[in-house]
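> Sharing a structure with you now.
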There are 2 protein chains.
Amino acid sequence: MSGSSTYADWIAVDWGTTHLRVWAIGADGSIRAEASSAKGMGGLTRDGFEPALLDLVEDWLGGGKTPVLACGMVGAKQGWDEAPYIPIPAKPAELVPMRATAPRDPRLSFSIVPGLKQANPTDVMRGEETQIAGFLALEPGFDGILCLPGTHTKWVHLSAGEVVSFQTCMTGEMFDLLSHQSVLRHSVAGEVLDGETFSEAVSDTLSRPERLAQRLFAIRADATLNGTGSAVARARLSGALIGAELASTRPYWLGQQVVVAGAPALADLYARALAGQGVAVRVLDAAPLTLAGLARIRAAQKEPTHT
Amino acid sequence: MSGSSTYADWIAVDWGTTHLRVWAIGADGSIRAEASSAKGMGGLTRDGFEPALLDLVEDWLGGGKTPVLACGMVGAKQGWDEAPYIPIPAKPAELVPMRATAPRDPRLSFSIVPGLKQANPTDVMRGEETQIAGFLALEPGFDGILCLPGTHTKWVHLSAGEVVSFQTCMTGEMFDLLSHQSVLRHSVAGEVLDGETFSEAVSDTLSRPERLAQRLFAIRADATLNGTGSAVARARLSGALIGAELASTRPYWLGQQVVVAGAPALADLYARALAGQGVAVRVLDAAPLTLAGLARIRAAQKEPTHT
């Protein structure tokens with residue numbers, strides 16, 4: 001974080017379950033400072049949000065009111081204020097942020113980008129709608145599938161700037177639980193993952209998705225009986241789970257143009273899985289998308305900067 | 001535990017990852033005392049096994065050497081001593097217990113029933129072989145499928161007293177992780193489970209196993225958007241996972257005679273799932289099987305009781 005002279009024209013906030021990230025944006029749109037903390041929504045009570053934010057941004061506040069635009073779980077029922085989900089089809093760039101309960105500090109105004117909901121199949125997103133707005137700011141004419149891999153991977157069908165449909169798979173969360181806390185944890189320890197084994201596991205699971213339950217314990221049994229190394233075991237677990245995800249999301253990628261935007265290592269894994277199925281896929285680093293989306297959504301509102 | 005006059009002819013031990021259970025058996029085969037503790041294999045170092053055992057059985061020891069026969073993870077690599085897996089086909093009642101490293105206490109001799117291994121598909125069991133021996137002691141002529149639901153459910157094809165093949169599914173462990181630690185935990189809290197929803201979820205997953213990944217997050221989305229109650233949400237999670245297990249074990253139950261032996265509530269759930277697929281299933285309480293199996297295996301060895 002920089003010193004007290006860094007006044008922000010507005011402040012962008014990415015506030016998820018486990019993290020809080022903030023940017024001071026200048027009048028010219030440049031990033032003048034940034035900061036982050038582990039004070040995510042999951043660890044805060046309602047009274048804790050404003051102090052957690054001020055901890056990071058106090059030095060950026062000037063004499064007037066500084067608008068703050070946030071996205072993510074901060075808008076959930078357990079967040080600062082609930083920003084109700086908007087039904088799809090919806091244009092992420094044109095989402096209207098909800099003005100939250102007035103902060104105690106008179107120098108702040110606080111708005112939250114609403115999440116999106118889908119009636120059938122039932123699904124929700126919160127935070128990704130802003131990443132999508134950021135992606136569409138970079139590629140306004142995109143028509144196809146955007147895949148946002150993470151704890152809860154989102155597959156999003158985009159057309160004419162709209163979210164047409166989406167599907168969430170909790171593959172990342174399952175991988176974390178199984179690799180750290182299940183009987184498989186001893187077999188898959190480490191960070192290395194054998195690429196060829198991964199591709200095979202994806203293909204095997206895609207062609208026989210009904211065998212998933214058997215594949216998982218077999219990873220442990222193979223390590224026990226045959227001394228399978230952790231890079232192979234880890235690839236089999238990851239491949240089985242991502243393969244099951246691809247089996248479930250087939251309409252989203254079969255014959256489609258797919259962009260995978262995520263943390264580089266994870267996005268590469270999804271790209272490898274899709275490439276193995278003959279899908280032409282482009283990979284993008286998702287890191288800049290949230291800020292780009294917040295800027296895009298703010299610009300659409302044409303809100304005066306100091307009210 | 002009873003007083004110091006309860007000498008055991010031999011001592012039966014069920015020693016799993018998280019529990020230790022012991023029985024003092026009289027010369028007539030009757031249970032003269034029993035005890036248990038939470039000192040499972042998972043929490044013990046190699047030096048900790050004998051003291052953990054003595055804590056429970058010391059009062060049962062007489063002047064001579066008392067044989068102790070144990071099954072379960074106590075025989076794993078991280079256990080008291082490793083009892084190598086025996087390849088199938090194998091007759092559980094005729095497994096030869098391995099004499100473990102001599103205990104420091106001269107009043108004890110300690111033997112461990114070996115587990116079973118299958119080469120292809122790779123699979124292992126440790127502890128269940130003894131439950132199977134107990135089941136076959138009750139039903140010596142059984143030919144069909146024994147399902148032992150639990151943390152790691154075993155499906156076992158039995159014929160002529162032999163384990164012909166088996167398959168492990170870690171459904172119980174996945175349910176525990178997802179229901180206690182994932183984003184689904186808020187939606188599925190509680191113990192009640194809606195039976196009809198469960199049966200539907202099993203059937204849906206069995207008929208479209210490739211959709212599993214989608215079904216899971218939908219439980220959370222439905223709770224968030226539609227206020228689905230926890231009994232329904234819990235039934236959907238349990239039904240999806242048991243449905244995926246049935247999809248993976250179809251050759252084990254389709255057109256087969258199936259006995260489900262487990263803790264009553266869980267065994268009933270598996271029976272309901274199988275009955276929904278038109279399988280004739282019998283349910284058995286698994287509680288007495290381990291001790292019955294240890295007694296059967298010991299009898300086959302015709303070991304003198306006080307050496």
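Chain lettering (A, B, ...) mirrors the order of the structure tokens, residue numbering begins at 1 for each chain separately, and ligand numbering begins at 1 in order of display.
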Considering only C-alpha atoms, tabulate each residue of chain A that lies at most 6 Å from chain B along with its nearest interatomic pair and the corresponding distance in Å to one decimal; arrange the rows by chain and ascending residue number and present them as a tab-separated table.


```
residue	atom	partner	partner_atom	distance
A:Thr122	CA	B:Ala221	CA	5.9
A:Asp123	CA	B:Ala221	CA	5.0
A:Val124	CA	B:Ala221	CA	5.8
A:Cys169	CA	B:Ala213	CA	5.5
A:Pro209	CA	B:Glu210	CA	5.2
A:Glu210	CA	B:Ala247	CA	5.1
A:Arg211	CA	B:Ser248	CA	4.4
A:Ala213	CA	B:Glu245	CA	5.4
A:Gln214	CA	B:Cys169	CA	5.6
A:Ala218	CA	B:Thr122	CA	5.9
A:Ala221	CA	B:Asp123	CA	5.0
A:Asp222	CA	B:Thr122	CA	5.9
A:Glu245	CA	B:Ala213	CA	5.4
A:Ala247	CA	B:Glu210	CA	5.1
A:Ser248	CA	B:Arg211	CA	4.4
```

> Can you tell me which residues surround Val96 (chain B) at a distance of at most 12 Å, considering only C-alpha atoms, apart from same-chain residues fewer than 3 positions away, and format the answer as a list in words?

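Result of the neighbour search: Leu69, Ala70, Cys71, Ala83, Pro84, Tyr85, Ile86, Ala90, Lys91, Pro92, Ala93, Arg99, Ser111, Ile112, Val113, Pro114, Gly115, Leu116, Glu129, Thr130, Leu294, Arg296, Ile297, Arg298, Ala299, Ala300, Gln301, Lys302 and Glu303 of chain B.
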
> CA of Arg107 (chain B) to CA of Leu53 (chain B): how many Å, to one decimal?

12.4 Å

> Between CA of Ala102 (chain B) and CA of Gly227 (chain A), what distance in Å does the model show, to one decimal?

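Value for the CA of Ala102 (chain B)-CA of Gly227 (chain A) distance: 28.5 Å.
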
> Pull the helix (DSSP H, G or I) assignments for region 154-282 of chain A out of DSSP run on the backbone, and list those residues as an NGL selection string.

:A and (171-181 or 183-186 or 195-207 or 209-226 or 230-248 or 250-253 or 264-275)

> Please return as number ranges by chain: the residues of region 89-297 of chain A that backbone DSSP assigns to strand (DSSP E or B).

A: 90, 98-99, 108-112, 116-118, 123-125, 144-148, 153-159, 162-169, 258-262, 281-285

> Output the selection as a PDB file, in the first residue's frame - C-alpha atoms for each residue.


```pdb
ATOM      1  CA  ALA A  90     -28.402 -10.807 -18.399  1.00  0.00           C
ATOM      2  CA  MET A  98     -26.788  -2.132  -5.334  1.00  0.00           C
ATOM      3  CA  ARG A  99     -26.089   0.785  -2.985  1.00  0.00           C
ATOM      4  CA  LEU A 108     -17.288   6.021   1.927  1.00  0.00           C
ATOM      5  CA  SER A 109     -20.172   5.049  -0.297  1.00  0.00           C
ATOM      6  CA  PHE A 110     -20.386   1.326  -0.898  1.00  0.00           C
ATOM      7  CA  SER A 111     -22.034  -0.502  -3.821  1.00  0.00           C
ATOM      8  CA  ILE A 112     -22.142  -4.202  -4.644  1.00  0.00           C
ATOM      9  CA  LEU A 116     -26.616 -14.027 -11.444  1.00  0.00           C
ATOM     10  CA  LYS A 117     -29.139 -16.826 -11.065  1.00  0.00           C
ATOM     11  CA  GLN A 118     -30.465 -19.460 -13.435  1.00  0.00           C
ATOM     12  CA  ASP A 123     -27.542 -22.353 -10.485  1.00  0.00           C
ATOM     13  CA  VAL A 124     -26.003 -19.206  -9.051  1.00  0.00           C
ATOM     14  CA  MET A 125     -22.810 -17.164  -9.401  1.00  0.00           C
ATOM     15  CA  GLY A 144     -18.989 -19.001 -27.305  1.00  0.00           C
ATOM     16  CA  ILE A 145     -18.051 -20.617 -24.012  1.00  0.00           C
ATOM     17  CA  LEU A 146     -16.063 -19.052 -21.222  1.00  0.00           C
ATOM     18  CA  CYS A 147     -14.780 -21.537 -18.640  1.00  0.00           C
ATOM     19  CA  LEU A 148     -13.645 -20.066 -15.301  1.00  0.00           C
ATOM     20  CA  THR A 153     -15.730 -23.848 -11.859  1.00  0.00           C
ATOM     21  CA  LYS A 154     -18.209 -21.938 -13.999  1.00  0.00           C
ATOM     22  CA  TRP A 155     -19.015 -22.815 -17.615  1.00  0.00           C
ATOM     23  CA  VAL A 156     -20.699 -19.851 -19.235  1.00  0.00           C
ATOM     24  CA  HIS A 157     -22.409 -19.596 -22.601  1.00  0.00           C
ATOM     25  CA  LEU A 158     -22.005 -16.024 -23.877  1.00  0.00           C
ATOM     26  CA  SER A 159     -23.734 -14.491 -26.858  1.00  0.00           C
ATOM     27  CA  GLU A 162     -25.290 -11.796 -22.548  1.00  0.00           C
ATOM     28  CA  VAL A 163     -24.951 -14.762 -20.233  1.00  0.00           C
ATOM     29  CA  VAL A 164     -27.298 -17.221 -21.935  1.00  0.00           C
ATOM     30  CA  SER A 165     -26.764 -20.148 -19.547  1.00  0.00           C
ATOM     31  CA  PHE A 166     -24.173 -21.426 -17.098  1.00  0.00           C
ATOM     32  CA  GLN A 167     -23.206 -24.443 -15.060  1.00  0.00           C
ATOM     33  CA  THR A 168     -21.200 -24.767 -11.867  1.00  0.00           C
ATOM     34  CA  CYS A 169     -19.064 -27.776 -10.934  1.00  0.00           C
ATOM     35  CA  VAL A 258     -13.888 -22.318 -25.557  1.00  0.00           C
ATOM     36  CA  VAL A 259     -11.844 -19.766 -23.657  1.00  0.00           C
ATOM     37  CA  VAL A 260     -10.454 -20.950 -20.314  1.00  0.00           C
ATOM     38  CA  ALA A 261      -9.667 -18.074 -17.955  1.00  0.00           C
ATOM     39  CA  GLY A 262      -8.118 -19.000 -14.639  1.00  0.00           C
ATOM     40  CA  VAL A 281      -9.251 -23.834 -26.647  1.00  0.00           C
ATOM     41  CA  ARG A 282      -7.647 -20.525 -25.758  1.00  0.00           C
ATOM     42  CA  VAL A 283      -6.160 -19.881 -22.328  1.00  0.00           C
ATOM     43  CA  LEU A 284      -6.287 -16.541 -20.539  1.00  0.00           C
ATOM     44  CA  ASP A 285      -4.945 -15.431 -17.161  1.00  0.00           C
TER      45      ASP A 285
END
```

> Would you kindly return, as a PDB file with C-alpha atoms, in the first residue's frame, each protein, DNA or RNA residue with an atom no farther than 10 Å from any atom of Ala273 (chain B), considering only C-alpha atoms and excluding same-chain residues fewer than 4 positions away?


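Now in out16.pdb:
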```
ATOM      1  CA  GLY B 195     -36.704 -41.007   1.546  1.00  0.00           C
ATOM      2  CA  PHE B 198     -33.247 -40.049  -1.976  1.00  0.00           C
ATOM      3  CA  SER B 199     -34.744 -42.742  -4.223  1.00  0.00           C
ATOM      4  CA  GLU B 200     -35.253 -40.243  -7.042  1.00  0.00           C
ATOM      5  CA  ALA B 201     -31.676 -38.982  -6.747  1.00  0.00           C
ATOM      6  CA  VAL B 202     -30.336 -42.544  -6.874  1.00  0.00           C
ATOM      7  CA  SER B 203     -32.370 -43.332  -9.997  1.00  0.00           C
ATOM      8  CA  GLY B 239     -28.711 -40.229  -3.363  1.00  0.00           C
ATOM      9  CA  ILE B 242     -24.887 -43.744  -3.631  1.00  0.00           C
ATOM     10  CA  GLY B 243     -26.338 -43.572  -7.145  1.00  0.00           C
ATOM     11  CA  LEU B 246     -24.403 -48.189  -7.862  1.00  0.00           C
ATOM     12  CA  ALA B 267     -27.661 -50.466   5.475  1.00  0.00           C
ATOM     13  CA  ASP B 268     -31.330 -49.479   5.130  1.00  0.00           C
ATOM     14  CA  LEU B 269     -30.333 -46.644   2.803  1.00  0.00           C
ATOM     15  CA  GLN B 277     -33.559 -50.886  -8.996  1.00  0.00           C
ATOM     16  CA  GLY B 278     -35.609 -54.055  -8.530  1.00  0.00           C
ATOM     17  CA  VAL B 279     -32.911 -55.907  -6.607  1.00  0.00           C
ATOM     18  CA  VAL B 281     -31.934 -57.412  -0.954  1.00  0.00           C
TER      19      VAL B 281
END
```

> Find the residues around Leu138 (chain B) up to 12 Å (only C-alpha atoms counted), leave out those fewer than 2 positions away in its own chain, and share them as a list of chain:residue names.

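Close residues of Leu138 (chain B): B:Ala93, B:Gln131, B:Ile132, B:Ala133, B:Gly134, B:Phe135, B:Leu136, B:Pro140, B:Gly141, B:Phe142, B:Gly161, B:Leu284, B:Ala286, B:Pro288, B:Leu289, B:Thr290, B:Leu291, B:Ala292, B:Gly293, B:Ala295, B:Arg296.
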
> What is the distance between CA of Gly190 (chain A) and CA of Ala265 (chain A), in Å to one decimal?

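Spanning CA of Gly190 (chain A) to CA of Ala265 (chain A) is a straight-line distance of 14.6 Å.
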
> Using only C-alpha atoms, which of the listed residues (A:Ala38, A:Leu266, A:Ile11, A:Ala189) sits closest to Ile25 (chain A)?

A:Ile11
